[in-house]
Amino acid sequence: MSVLTRNNIMALLCRLSCFIIINHAFIADSSPVGSLIGHDHHFHIRKLQEFKSNYFFPQKHVSLSSSSSPSSGVYSVIEYGADPTGKNDSTDAILAAISEAVSVTGDGFLMQGITNLGGVRISLEGGIYKISRPIKLPDAGLGNIMIFGGTLKASDNFTTDSYLLDLSSSSSSTNHDYKYEFITIKDLMLDCNFKGGGIQVVDSLRTTIDNCYIAHFTTTGILVQQGHETYIRNSFLGQHITAGNDPNERNFTGTAIDLQGNDNAVTDVVIFSAQVGIMVSGQANIITGVHCYNKAYGFGGTGVYIKVPGITQTRIVNSYFDYTGIVAEDPLQLHVSGCFFLGDAFIVLKSVRGVVDGVNIVNNMFSGSNKGVDIVQLDQTTKEFNEIGRVVVENNVVNGMNMKATVANGVTPVNGTSWTVDFNKILLFPRRIKFVQHTLMSNGGNLFPKTILRNVSNNQVFIESDLMVEGSASVTVDQGVAL
């Protein structure tokens, strides 16, 4: 590199100052007040950087594009002709970038028949892209791919039964169980423009959807079918963009997340508008750290609907149900704990075939408005529950709602030879007491009465004594002990 003299440096600095002044004058004349942001601003910053690079280091070429070359494993959709302003249709350009990204030579396999593409990344470069068709991977049998960093918006002619990002394939791979593995969708906003759904994941293994904002869907925000281990986290979903108390809330439709597969996880997700927050029809799924205020129960909304009669195996923990609750059909192995239910939100156990077993609803908080709403309710409209196994509803903290439980304690004063303790107000199931433990504290120091449990029908415990007794009786009952 040649050494610049003091005079040369001073001359270059003068020219640079003139260039900055001229550019500021140009911006002031050509831009309306308040518009000195966005693409014009970045354009002039790049020009200033090019000016300095060319004059101070003329022998070195400096590339100032934020796009990386394919040799780095990052494929910018802008380089393939995508329009980051959202004015022109970018569908073909984005598909071209994806097609080239997945055409690289893979390094072995993940699961058998799924090529490891080494972590190739398709970058949306922080732009807004209008698309008229779903963005899909061209073939099955692909893995270790990331799509990230921008906004996709459905055009006005986008088909209403499709998804903006569609991880499904009609082609087959040599793996008979899965089409894709280790696909990451990250840092995206998907505006469905009321033309369909956001993301569809079908027969995919170990898929991650992270830090996404999905809005304006008419069908489903995220649909997971079959496959295994799709992790949805740190994301926001809503049919309408609102922060609650929306005057049109009763008109919200659609489902934010639909899990039709096994072993998936929804973590730290906010669902702010939809008919159903999360629909679960697969097994062994976990929901944690979710805030549902998608649609109030009074307007017909449901936070989480578990539609897997007899094979539930679902865990819901540390979540917030805001004026909307949980419905579980014939729940078998359902665990709900550490959750907060606000605004008279409650849990419904719905009978389809009359089966309920392995249910734990424990250590939750319920807050209501003193309208007499039960925290856990039975829907036996179709059929009465007649196969009741181990069900534990206890240790819940309740304010302004009616406590319901399967374990209860009662104390009653005694003055005579018999006494009754009525548990109907608190016990969940009618006419069901499977275990009773009772004690008698007599005020007469020399008395040693004999007592006997006579009857437990209609959730009332009837006890008799062989002697006249004055004192108090304590009774504990449990509905959940299976025979």
# chains A, B, ... in the order shown; residues from 1 in each chain; ligands from 1

$ residues_around --residues "region 274-286 of chain A" --least-positions-apart "6" --cutoff "8 Å" --atoms "only C-alpha atoms" --output "PyMOL selection string"
chain A and resi 238-240+252-266+292+294-295+300-308+311-317

$ closest_atom_pairs --of "region 260-344 of chain A" --to "region 349-354 of chain A" --cutoff "8 Å" --atoms "only C-alpha atoms" --output "CSV"
residue,atom,partner,partner_atom,distance
A:Pro309,CA,A:Val352,CA,7.2
A:Val327,CA,A:Leu349,CA,6.1
A:Ala328,CA,A:Leu349,CA,5.2
A:Glu329,CA,A:Lys350,CA,4.6
A:Asp330,CA,A:Ser351,CA,5.3
A:Pro331,CA,A:Leu349,CA,7.1

$ closest_residue --among "A:Thr476, A:Val104, A:Ile214, A:Asp466" --to "Ile452 (chain A)" --atoms "only C-alpha atoms"
A:Asp466

$ select_by_dssp --residues "region 47-274 of chain A" --states "alpha helix (DSSP H)" --output "list in words"
Lys47, Leu48, Gln49, Glu50, Phe51, Lys52, Ser53, Asn54, Tyr55, Phe56, Thr91, Asp92, Ala93, Ile94, Leu95, Ala96, Ala97, Ile98, Ser99, Glu100 and Ala101 of chain A

$ select_by_dssp --residues "region 108-176 of chain A" --states "strand (DSSP E)" --output "VMD selection string"
chain A and resid 115 to 123 128 to 131 135 to 136 142 to 154 162 to 167

$ write_last_selection --atoms "C-alpha atoms" --output "short mmCIF file (atom, residue, chain, number, x, y, z; two decimals), in the first residue's frame"
data_model
loop_
_atom_site.label_atom_id
_atom_site.label_comp_id
_atom_site.auth_asym_id
_atom_site.auth_seq_id
_atom_site.Cartn_x
_atom_site.Cartn_y
_atom_site.Cartn_z
CA THR A 115 -29.34 -35.93 3.27
CA ASN A 116 -27.41 -33.70 5.66
CA LEU A 117 -27.03 -30.40 3.77
CA GLY A 118 -24.61 -29.03 6.34
CA GLY A 119 -26.78 -26.24 7.72
CA VAL A 120 -27.43 -24.24 4.54
CA ARG A 121 -29.38 -21.07 5.28
CA ILE A 122 -31.88 -19.22 3.14
CA SER A 123 -31.87 -15.59 4.25
CA ILE A 128 -40.91 -8.00 3.16
CA TYR A 129 -41.79 -10.40 0.33
CA LYS A 130 -45.12 -10.87 -1.38
CA ILE A 131 -45.81 -14.46 -2.44
CA ILE A 135 -42.84 -21.72 -0.28
CA LYS A 136 -41.83 -25.39 -0.33
CA LEU A 142 -33.60 -33.17 2.89
CA GLY A 143 -32.21 -32.10 6.26
CA ASN A 144 -30.21 -29.50 8.20
CA ILE A 145 -31.67 -26.38 6.58
CA MET A 146 -32.63 -22.98 7.99
CA ILE A 147 -35.02 -20.36 6.57
CA PHE A 148 -34.79 -17.10 8.49
CA GLY A 149 -34.85 -13.36 8.83
CA GLY A 150 -37.74 -11.54 7.15
CA THR A 151 -41.43 -11.30 6.35
CA LEU A 152 -43.60 -13.32 3.99
CA LYS A 153 -46.97 -11.90 3.04
CA ALA A 154 -49.65 -13.69 1.04
CA SER A 162 -52.59 -23.42 1.39
CA TYR A 163 -49.80 -22.43 3.79
CA LEU A 164 -47.17 -19.73 3.29
CA LEU A 165 -44.41 -22.14 4.35
CA ASP A 166 -45.24 -25.74 3.46
CA LEU A 167 -42.98 -28.53 4.71
#

$ residues_around --residues "region 432-444 of chain A" --least-positions-apart "6" --cutoff "8 Å" --atoms "only C-alpha atoms" --output "list in words"
Val456, Ser457, Asn458, Asn459, Val469, Glu470, Gly471, Ser472, Ala473, Ser474, Val475, Thr476, Val477, Asp478, Gln479, Gly480, Val481, Ala482 and Leu483 of chain A

$ write_last_selection --atoms "all heavy atoms" --output "short mmCIF file (atom, residue, chain, number, x, y, z; two decimals), in the first residue's frame"
data_model
loop_
_atom_site.label_atom_id
_atom_site.label_comp_id
_atom_site.auth_asym_id
_atom_site.auth_seq_id
_atom_site.Cartn_x
_atom_site.Cartn_y
_atom_site.Cartn_z
N VAL A 456 -72.29 -43.87 52.24
CA VAL A 456 -71.57 -42.81 51.53
C VAL A 456 -72.31 -42.43 50.25
O VAL A 456 -71.71 -41.89 49.32
CB VAL A 456 -70.12 -43.23 51.19
CG1 VAL A 456 -69.29 -43.41 52.44
CG2 VAL A 456 -70.11 -44.51 50.34
N SER A 457 -73.59 -42.67 50.19
CA SER A 457 -74.34 -42.39 48.97
C SER A 457 -74.51 -40.89 48.76
O SER A 457 -74.52 -40.10 49.72
CB SER A 457 -75.71 -43.06 49.04
OG SER A 457 -76.47 -42.54 50.11
N ASN A 458 -74.59 -40.51 47.48
CA ASN A 458 -74.83 -39.11 47.09
C ASN A 458 -73.78 -38.15 47.67
O ASN A 458 -74.07 -37.00 47.99
CB ASN A 458 -76.23 -38.67 47.53
CG ASN A 458 -77.32 -39.47 46.84
OD1 ASN A 458 -77.23 -39.74 45.64
ND2 ASN A 458 -78.33 -39.87 47.60
N ASN A 459 -72.57 -38.67 47.79
CA ASN A 459 -71.44 -37.86 48.28
C ASN A 459 -71.67 -37.32 49.69
O ASN A 459 -71.14 -36.27 50.07
CB ASN A 459 -71.13 -36.71 47.33
CG ASN A 459 -70.43 -37.19 46.07
OD1 ASN A 459 -69.93 -38.31 46.00
ND2 ASN A 459 -70.41 -36.34 45.06
N VAL A 469 -72.86 -38.70 71.94
CA VAL A 469 -71.55 -38.05 71.90
C VAL A 469 -71.73 -36.56 71.69
O VAL A 469 -72.56 -36.12 70.89
CB VAL A 469 -70.67 -38.63 70.78
CG1 VAL A 469 -69.32 -37.92 70.76
CG2 VAL A 469 -70.49 -40.12 70.95
N GLU A 470 -70.90 -35.78 72.39
CA GLU A 470 -70.82 -34.34 72.13
C GLU A 470 -69.36 -34.02 71.83
O GLU A 470 -68.47 -34.35 72.62
CB GLU A 470 -71.29 -33.54 73.34
CG GLU A 470 -71.29 -32.03 73.08
CD GLU A 470 -71.80 -31.23 74.26
OE1 GLU A 470 -72.33 -31.85 75.22
OE2 GLU A 470 -71.67 -29.99 74.23
N GLY A 471 -69.13 -33.41 70.68
CA GLY A 471 -67.76 -33.09 70.26
C GLY A 471 -67.72 -32.69 68.81
O GLY A 471 -68.59 -31.94 68.34
N SER A 472 -66.74 -33.18 68.08
CA SER A 472 -66.60 -32.87 66.65
C SER A 472 -66.05 -34.07 65.90
O SER A 472 -65.30 -34.87 66.46
CB SER A 472 -65.69 -31.65 66.44
OG SER A 472 -64.39 -31.93 66.89
N ALA A 473 -66.44 -34.17 64.64
CA ALA A 473 -65.99 -35.27 63.78
C ALA A 473 -65.26 -34.70 62.57
O ALA A 473 -65.67 -33.70 61.99
CB ALA A 473 -67.17 -36.12 63.34
N SER A 474 -64.19 -35.37 62.20
CA SER A 474 -63.41 -35.01 61.01
C SER A 474 -63.46 -36.15 60.02
O SER A 474 -63.25 -37.32 60.40
CB SER A 474 -61.97 -34.71 61.41
OG SER A 474 -61.18 -34.46 60.26
N VAL A 475 -63.74 -35.80 58.75
CA VAL A 475 -63.90 -36.83 57.71
C VAL A 475 -63.06 -36.43 56.49
O VAL A 475 -63.10 -35.29 56.05
CB VAL A 475 -65.37 -36.99 57.31
CG1 VAL A 475 -65.51 -38.09 56.24
CG2 VAL A 475 -66.24 -37.31 58.52
N THR A 476 -62.32 -37.41 55.97
CA THR A 476 -61.57 -37.24 54.71
C THR A 476 -62.11 -38.23 53.68
O THR A 476 -62.24 -39.42 54.00
CB THR A 476 -60.07 -37.47 54.93
OG1 THR A 476 -59.58 -36.50 55.85
CG2 THR A 476 -59.32 -37.33 53.62
N VAL A 477 -62.37 -37.74 52.47
CA VAL A 477 -62.88 -38.62 51.42
C VAL A 477 -62.02 -38.47 50.16
O VAL A 477 -61.36 -37.45 49.95
CB VAL A 477 -64.35 -38.31 51.08
CG1 VAL A 477 -65.24 -38.57 52.29
CG2 VAL A 477 -64.51 -36.86 50.60
N ASP A 478 -62.04 -39.52 49.34
CA ASP A 478 -61.26 -39.53 48.10
C ASP A 478 -62.09 -40.22 47.02
O ASP A 478 -62.56 -41.35 47.21
CB ASP A 478 -59.94 -40.26 48.32
CG ASP A 478 -58.95 -40.07 47.17
OD1 ASP A 478 -59.41 -39.77 46.04
OD2 ASP A 478 -57.75 -40.22 47.39
N GLN A 479 -62.27 -39.51 45.88
CA GLN A 479 -63.00 -40.08 44.75
C GLN A 479 -62.10 -40.80 43.78
O GLN A 479 -62.58 -41.53 42.90
CB GLN A 479 -63.74 -38.97 44.00
CG GLN A 479 -64.85 -38.31 44.78
CD GLN A 479 -65.67 -37.41 43.87
OE1 GLN A 479 -65.13 -36.53 43.18
NE2 GLN A 479 -66.99 -37.61 43.87
N GLY A 480 -60.82 -40.59 43.89
CA GLY A 480 -59.93 -41.03 42.83
C GLY A 480 -59.30 -42.37 43.02
O GLY A 480 -58.53 -42.82 42.18
N VAL A 481 -59.56 -43.06 44.11
CA VAL A 481 -58.97 -44.36 44.35
C VAL A 481 -59.69 -45.38 43.52
O VAL A 481 -60.89 -45.65 43.71
CB VAL A 481 -59.02 -44.74 45.85
CG1 VAL A 481 -58.44 -46.11 46.06
CG2 VAL A 481 -58.26 -43.71 46.66
N ALA A 482 -58.99 -45.97 42.55
CA ALA A 482 -59.61 -46.99 41.69
C ALA A 482 -59.79 -48.29 42.42
O ALA A 482 -59.01 -48.65 43.31
CB ALA A 482 -58.76 -47.18 40.44
N LEU A 483 -60.83 -49.03 42.04
CA LEU A 483 -61.08 -50.33 42.66
C LEU A 483 -60.07 -51.36 42.20
O LEU A 483 -59.61 -51.32 41.06
CB LEU A 483 -62.49 -50.80 42.31
CG LEU A 483 -63.64 -49.95 42.90
CD1 LEU A 483 -64.97 -50.48 42.36
CD2 LEU A 483 -63.64 -50.01 44.41
#

$ closest_residue --among "A:Ser235, A:Phe109, A:Ile183, A:Ile199" --to "Pro134 (chain A)" --atoms "only C-alpha atoms"
A:Ile199

$ closest_residue --among "A:Val362, A:Ile326, A:Val393, A:Met401" --to "Ile375 (chain A)" --atoms "only C-alpha atoms"
A:Met401

$ residues_around --residues "Tyr213 (chain A)" --least-positions-apart "4" --cutoff "7 Å" --atoms "only C-alpha atoms" --output "PyMOL selection string"
chain A and resi 188-190+235-237

$ closest_residue --among "A:Cys339, A:Ala405, A:Ala243, A:Met365" --to "Gln377 (chain A)" --atoms "only C-alpha atoms"
A:Ala405
